[in-house]
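Colleague: Take this structure, written in structure tokens, and hold onto it; I'll ask about it next.
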Amino acid sequence: MSASSIFAPNLLANQVAIVTGGGSGIGAGIAELLAAHGAKVGLVGRTLEKLEATAMKIRERGGVATCRAVDVRKYDDLSQATESVTHEFGGLHILVNSAAGNFLAPAAGLSANGFRTVIDIDLCGTFNASRAAFAHLSKQGGNIVNITATQATVATPLQCHAGAAKAGIEKLTRDLALEWAGSKIRVNAVAPGPIEGTEGMTRLAPGGAGDHLKKRVPLNRYGNIDEIASSVLFLVSPAGSYITGSTLLIDGGTSLIGPGPFLDMMLGEI
Ligand code: HXC
Ligand code: NAP
């Protein structure tokens, strides 16, 4: 049985979801799973071709998807896209913030603009999308799920920009959960560890570093996109109805071993 089939079919019938970063990797996997369970999905990212490819997959399987080519750093554009998806599908119930930018860089060599760029995409982008969605989600209640990373809590060399951004998102998750609980909006986060076949892993564990990391994951393998998507489905489903302000760590135990592989990379040992 695949992880995605443990939930009842049409669990999300009559719901509308927006997924930022929905054109590739983990965001695309989440969008596909939400759509497979009946949600109409609005895909947001900068590259229309990537969004259309995900939308096509969803439609081929009988789902419903629409695309908006928008940069999450631009609030007005994002707000307009949120309005238009909501208008097209008749409401909004779920927002998943998966858009992010990342690269390996030692702090001492990272430019101020490089640091700001990652904060702007990840943290400000998550606030922007949440703020734009609030008026619609609060009409009947709903869910926000933010995708963070283990770098939010594990001190990690070469990742100060991404770690600060993801830590900020986890704090934002708790603050919005508290402020918006009265509007029946649950706000949670999912923190993946290394997930196979993603842009994130290509960038952060290139070549031999990947093999080195894989051997050290306590569960002895990388995670897969389906495992992250299933956890998002769980959080937005009735099974998660009393969960808000939490971060679900889905990392095969990787954070338990600390920054090991990144430390080795910094020291030039891999
Ligand atoms: C140092 C870098 C850099 C690098 C860019 N910069 N790449 N600095 N090392 N490898 C600096 C640039 O020099 C510039 O600063 C500033 O960052 C902005 O760069 P731009 O290219 O102008 O920015 P932009 O076009 O907005 O692109 C954003 C990006 C890009 C983040 C740099 O890589 C991108 O669009 N990424 C999206 C896809 C992605 O990253 N996916 C992976 C997410 S995975 P200066 O000072 O020169 O102007 C992920 C994994 C988490 O988050 C954890 C896994 C375990
Ligand atoms: P990915 O495929 O590169 O996903 C990131 C997506 O965000 C892309 O589709 C990208 O599309 C979009 N995006 C980037 N900048 C944007 C912007 N300014 N505005 C709008 N969209 C933007 O990488 P991934 O590895 O699947 O990562 C997905 C999420 O999981 C991220 O939040 C990442 O931090 C998190 N994560 C990943 C891993 C992992 O192992 N891969 C581990 C922990 C956490 P465009 O470039 O077309 O805009």
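In the structure tokens, the first chain shown is A, the next is B, and so on; residue numbers restart at 1 for each chain, and ligands run from 1 in the order shown.
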Within 7 Å of ligand 2, which residues of chain A show up? Give each one with its shortest atom-to-atom distance in Å (one decimal) and the two atoms involved, counting only C-alpha atoms and all ligand atoms, rows by chain then rising residue number, as a Markdown table.

Modeller:
```
| residue | atom | partner | partner_atom_place_in_ligand_line | distance |
| --- | --- | --- | --- | --- |
| A:Thr20 | CA | ligand 2 | 21 (N) | 6.0 |
| A:Gly21 | CA | ligand 2 | 7 (O) | 3.5 |
| A:Gly22 | CA | ligand 2 | 9 (O) | 5.6 |
| A:Gly23 | CA | ligand 2 | 9 (O) | 4.4 |
| A:Ser24 | CA | ligand 2 | 2 (O) | 4.2 |
| A:Gly25 | CA | ligand 2 | 26 (O) | 3.3 |
| A:Ile26 | CA | ligand 2 | 26 (O) | 3.9 |
| A:Gly27 | CA | ligand 2 | 28 (C) | 5.6 |
| A:Val44 | CA | ligand 2 | 20 (C) | 6.3 |
| A:Gly45 | CA | ligand 2 | 21 (N) | 3.5 |
| A:Arg46 | CA | ligand 2 | 48 (O) | 3.5 |
| A:Thr47 | CA | ligand 2 | 47 (O) | 3.7 |
| A:Lys50 | CA | ligand 2 | 47 (O) | 6.3 |
| A:Val70 | CA | ligand 2 | 20 (C) | 5.8 |
| A:Asp71 | CA | ligand 2 | 19 (N) | 3.5 |
| A:Val72 | CA | ligand 2 | 19 (N) | 4.0 |
| A:Arg73 | CA | ligand 2 | 18 (N) | 5.6 |
| A:Ser98 | CA | ligand 2 | 32 (O) | 4.1 |
| A:Ala99 | CA | ligand 2 | 7 (O) | 3.3 |
| A:Ala100 | CA | ligand 2 | 32 (O) | 4.5 |
| A:Gly101 | CA | ligand 2 | 14 (C) | 5.2 |
| A:Ile121 | CA | ligand 2 | 18 (N) | 5.0 |
| A:Ile147 | CA | ligand 2 | 32 (O) | 5.0 |
| A:Thr148 | CA | ligand 2 | 44 (C) | 5.4 |
| A:Ala149 | CA | ligand 2 | 43 (C) | 4.1 |
| A:Thr150 | CA | ligand 2 | 43 (C) | 6.5 |
| A:Ala191 | CA | ligand 2 | 44 (C) | 6.2 |
| A:Pro192 | CA | ligand 2 | 43 (C) | 4.3 |
| A:Gly193 | CA | ligand 2 | 42 (C) | 4.9 |
| A:Pro194 | CA | ligand 2 | 40 (O) | 3.8 |
| A:Ile195 | CA | ligand 2 | 40 (O) | 3.7 |
| A:Glu196 | CA | ligand 2 | 40 (O) | 6.5 |
| A:Thr198 | CA | ligand 2 | 25 (O) | 4.5 |
| A:Glu199 | CA | ligand 2 | 25 (O) | 4.4 |
| A:Gly200 | CA | ligand 2 | 25 (O) | 3.4 |
| A:Met201 | CA | ligand 2 | 40 (O) | 4.9 |
```

Colleague: Please write the residues from the selection above to a file, keeping C-alpha atoms, as a PDB file, in the first residue's frame.

Modeller:
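File produced: part26.pdb:
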```pdb
ATOM      1  CA  THR A  20       3.603  27.824  -3.872  1.00  0.00           C
ATOM      2  CA  GLY A  21       6.588  26.121  -5.458  1.00  0.00           C
ATOM      3  CA  GLY A  22       4.055  23.704  -6.967  1.00  0.00           C
ATOM      4  CA  GLY A  23       5.901  23.426 -10.272  1.00  0.00           C
ATOM      5  CA  SER A  24       8.578  21.016  -9.074  1.00  0.00           C
ATOM      6  CA  GLY A  25       9.902  18.654  -6.428  1.00  0.00           C
ATOM      7  CA  ILE A  26       8.179  18.467  -3.071  1.00  0.00           C
ATOM      8  CA  GLY A  27       5.636  21.215  -3.895  1.00  0.00           C
ATOM      9  CA  VAL A  44       2.249  29.202  -7.997  1.00  0.00           C
ATOM     10  CA  GLY A  45       5.877  29.655  -9.057  1.00  0.00           C
ATOM     11  CA  ARG A  46       7.966  31.837 -11.340  1.00  0.00           C
ATOM     12  CA  THR A  47       8.229  29.456 -14.309  1.00  0.00           C
ATOM     13  CA  LYS A  50       7.086  23.970 -14.809  1.00  0.00           C
ATOM     14  CA  VAL A  70       4.228  34.786  -9.810  1.00  0.00           C
ATOM     15  CA  ASP A  71       7.271  35.603  -7.661  1.00  0.00           C
ATOM     16  CA  VAL A  72       6.329  35.126  -3.987  1.00  0.00           C
ATOM     17  CA  ARG A  73       8.539  38.116  -3.114  1.00  0.00           C
ATOM     18  CA  SER A  98       6.811  25.235  -0.491  1.00  0.00           C
ATOM     19  CA  ALA A  99       8.576  27.893  -2.613  1.00  0.00           C
ATOM     20  CA  ALA A 100      12.213  28.307  -1.548  1.00  0.00           C
ATOM     21  CA  GLY A 101      15.683  29.122  -2.764  1.00  0.00           C
ATOM     22  CA  ILE A 121      11.879  34.043  -0.929  1.00  0.00           C
ATOM     23  CA  ILE A 147       7.594  23.511   4.381  1.00  0.00           C
ATOM     24  CA  THR A 148      10.698  24.165   6.467  1.00  0.00           C
ATOM     25  CA  ALA A 149      13.862  22.035   6.899  1.00  0.00           C
ATOM     26  CA  THR A 150      15.984  20.508   9.632  1.00  0.00           C
ATOM     27  CA  ALA A 191      10.366  19.870   8.260  1.00  0.00           C
ATOM     28  CA  PRO A 192      11.768  17.348   5.758  1.00  0.00           C
ATOM     29  CA  GLY A 193      15.212  15.821   5.962  1.00  0.00           C
ATOM     30  CA  PRO A 194      17.014  14.749   2.775  1.00  0.00           C
ATOM     31  CA  ILE A 195      14.434  13.859   0.106  1.00  0.00           C
ATOM     32  CA  GLU A 196      15.559  11.854  -2.930  1.00  0.00           C
ATOM     33  CA  THR A 198      14.817  16.806  -5.580  1.00  0.00           C
ATOM     34  CA  GLU A 199      16.522  20.044  -6.559  1.00  0.00           C
ATOM     35  CA  GLY A 200      17.300  20.588  -2.892  1.00  0.00           C
ATOM     36  CA  MET A 201      19.384  17.411  -2.691  1.00  0.00           C
TER      37      MET A 201
END
```

Colleague: Identify, with DSSP run on backbone atoms, the residues in range 57-256 of chain A assigned to strand (DSSP E), and express the list as a ChimeraX atom specification.

Modeller: /A:64-69,94-97,142-147,185-192,247-250

Colleague: Let me see the file: selected residues, C-alpha atoms, as a PDB file, in the first residue's frame.

Modeller:
```pdb
ATOM      1  CA  VAL A  64      -8.312  20.054 -11.514  1.00  0.00           C
ATOM      2  CA  ALA A  65      -5.439  22.548 -11.556  1.00  0.00           C
ATOM      3  CA  THR A  66      -4.704  26.109 -12.617  1.00  0.00           C
ATOM      4  CA  CYS A  67      -1.394  27.990 -12.811  1.00  0.00           C
ATOM      5  CA  ARG A  68      -0.176  31.472 -11.879  1.00  0.00           C
ATOM      6  CA  ALA A  69       3.378  32.549 -12.763  1.00  0.00           C
ATOM      7  CA  ILE A  94      -5.648  25.236   2.006  1.00  0.00           C
ATOM      8  CA  LEU A  95      -2.347  27.074   1.447  1.00  0.00           C
ATOM      9  CA  VAL A  96       0.942  25.175   1.228  1.00  0.00           C
ATOM     10  CA  ASN A  97       4.116  27.277   1.221  1.00  0.00           C
ATOM     11  CA  GLY A 142      -8.850  26.287   6.623  1.00  0.00           C
ATOM     12  CA  ASN A 143      -5.236  25.210   6.775  1.00  0.00           C
ATOM     13  CA  ILE A 144      -1.774  26.569   6.109  1.00  0.00           C
ATOM     14  CA  VAL A 145       1.194  24.188   5.920  1.00  0.00           C
ATOM     15  CA  ASN A 146       4.695  25.621   5.638  1.00  0.00           C
ATOM     16  CA  ILE A 147       7.594  23.511   4.381  1.00  0.00           C
ATOM     17  CA  ILE A 185      -7.310  28.495  10.470  1.00  0.00           C
ATOM     18  CA  ARG A 186      -4.813  25.853  11.564  1.00  0.00           C
ATOM     19  CA  VAL A 187      -1.174  26.678  10.780  1.00  0.00           C
ATOM     20  CA  ASN A 188       1.463  23.953  10.859  1.00  0.00           C
ATOM     21  CA  ALA A 189       4.847  23.168   9.345  1.00  0.00           C
ATOM     22  CA  VAL A 190       6.571  20.104   7.985  1.00  0.00           C
ATOM     23  CA  ALA A 191      10.366  19.870   8.260  1.00  0.00           C
ATOM     24  CA  PRO A 192      11.768  17.348   5.758  1.00  0.00           C
ATOM     25  CA  THR A 247       6.259  21.402  13.158  1.00  0.00           C
ATOM     26  CA  LEU A 248       6.284  17.783  12.053  1.00  0.00           C
ATOM     27  CA  LEU A 249       9.845  16.541  11.630  1.00  0.00           C
ATOM     28  CA  ILE A 250      10.081  14.012   8.791  1.00  0.00           C
TER      29      ILE A 250
END
```

Colleague: Quick one: everything within 6 Å of range 226-232 of chain A, counting only C-alpha atoms, minus sequence neighbours fewer than 2 positions away in the same chain. Send it as a PyMOL selection string.

Modeller: chain A and resi 4+30+224+234-235

Colleague: Tell me, as a list in words, which residues lie within 8 Å of Ser237 in chain A, counting only C-alpha atoms; anything in the same chain fewer than 3 positions away does not count.

Modeller: Leu11, Leu12, Leu233, Phe234, Gly240 and Ser241 of chain A

Colleague: Residues at most 9 Å from Ser138 in chain A, counting only C-alpha atoms, excluding those fewer than 5 positions away in the same chain, as a PDB file with C-alpha atoms, in the first residue's frame?

Modeller:
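And here is the file that came out, result.pdb:
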```pdb
ATOM      1  CA  HIS A  93      -9.306  26.272   2.060  1.00  0.00           C
ATOM      2  CA  ALA A 133      -4.774  34.008   1.749  1.00  0.00           C
ATOM      3  CA  TRP A 180      -5.630  32.922  13.456  1.00  0.00           C
ATOM      4  CA  SER A 183     -10.669  32.318  12.517  1.00  0.00           C
ATOM      5  CA  LYS A 184     -10.564  28.494  12.413  1.00  0.00           C
ATOM      6  CA  ILE A 185      -7.310  28.495  10.470  1.00  0.00           C
TER       7      ILE A 185
END
```

Colleague: Measuring atom to atom with only C-alpha atoms, identify which of A:Phe103, A:Tyr242, A:Phe89, A:Phe134 is nearest to Gly42 in chain A.

Modeller: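 The answer is A:Phe89, which sits nearest to Gly42 in chain A.
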
Colleague: When you count only C-alpha atoms, which of these residues is closest to Pro9 in chain A: A:His37, A:Asp211, A:Glu60, A:Asp76?

Modeller: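 Closest residue, counting only C-alpha atoms: A:His37.
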
Colleague: Kindly give the distance, in Å, that separates CA of Arg131 in chain A and CA of Asn113 in chain A, rounded to a single decimal.

Modeller: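 Interatomic distance, CA of Arg131 in chain A to CA of Asn113 in chain A: 24.3 Å.
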
Colleague: Which of these, A:Leu219, A:Val16, A:Ile58, A:Ala105, has the shortest distance to ligand 1 once you count only C-alpha atoms and all ligand atoms?

Modeller: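 Nearest candidate to ligand 1 out of A:Leu219, A:Val16, A:Ile58, A:Ala105: A:Ala105.
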
Colleague: To one decimal in Å, tell me the separation between CA of Ala13 in chain A and CA of Gly91 in chain A.

Modeller: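 Between CA of Ala13 in chain A and CA of Gly91 in chain A the gap is 12.5 Å.
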
Colleague: Which of these residues is nearest to ligand 1, using only C-alpha atoms and all ligand atoms: A:Arg116, A:Lys171, A:Lys214, A:Lys139?

Modeller: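 Closest to ligand 1, using only C-alpha atoms and all ligand atoms: A:Arg116.
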
Colleague: When DSSP is applied to the backbone of this structure, which of range 81-161 of chain A are assigned helix (DSSP H, G or I)? Write them out as a PyMOL selection string.

Modeller: chain A and resi 81-89+107-109+112-140+150-152+160-161

Colleague: Ranking A:Leu178, A:Ala55, A:Ala205, A:Ala36 by minimum distance to ligand 1 and counting only C-alpha atoms and all ligand atoms, which one comes first?

Modeller: A:Ala205

Colleague: Considering only C-alpha atoms, state which residue in the set A:Leu104, A:Gly38, A:Glu52, A:Asn128 is at the smallest distance from Ala81 in chain A.

Modeller: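 Going through A:Leu104, A:Gly38, A:Glu52, A:Asn128 one by one, the smallest distance to Ala81 in chain A is for A:Asn128.
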
Colleague: Rounded to one decimal in Å, what is the spacing between atom 30 (C, counted along the ligand's line) of ligand 1 and CA of Val217 in chain A?

Modeller: 26.7 Å
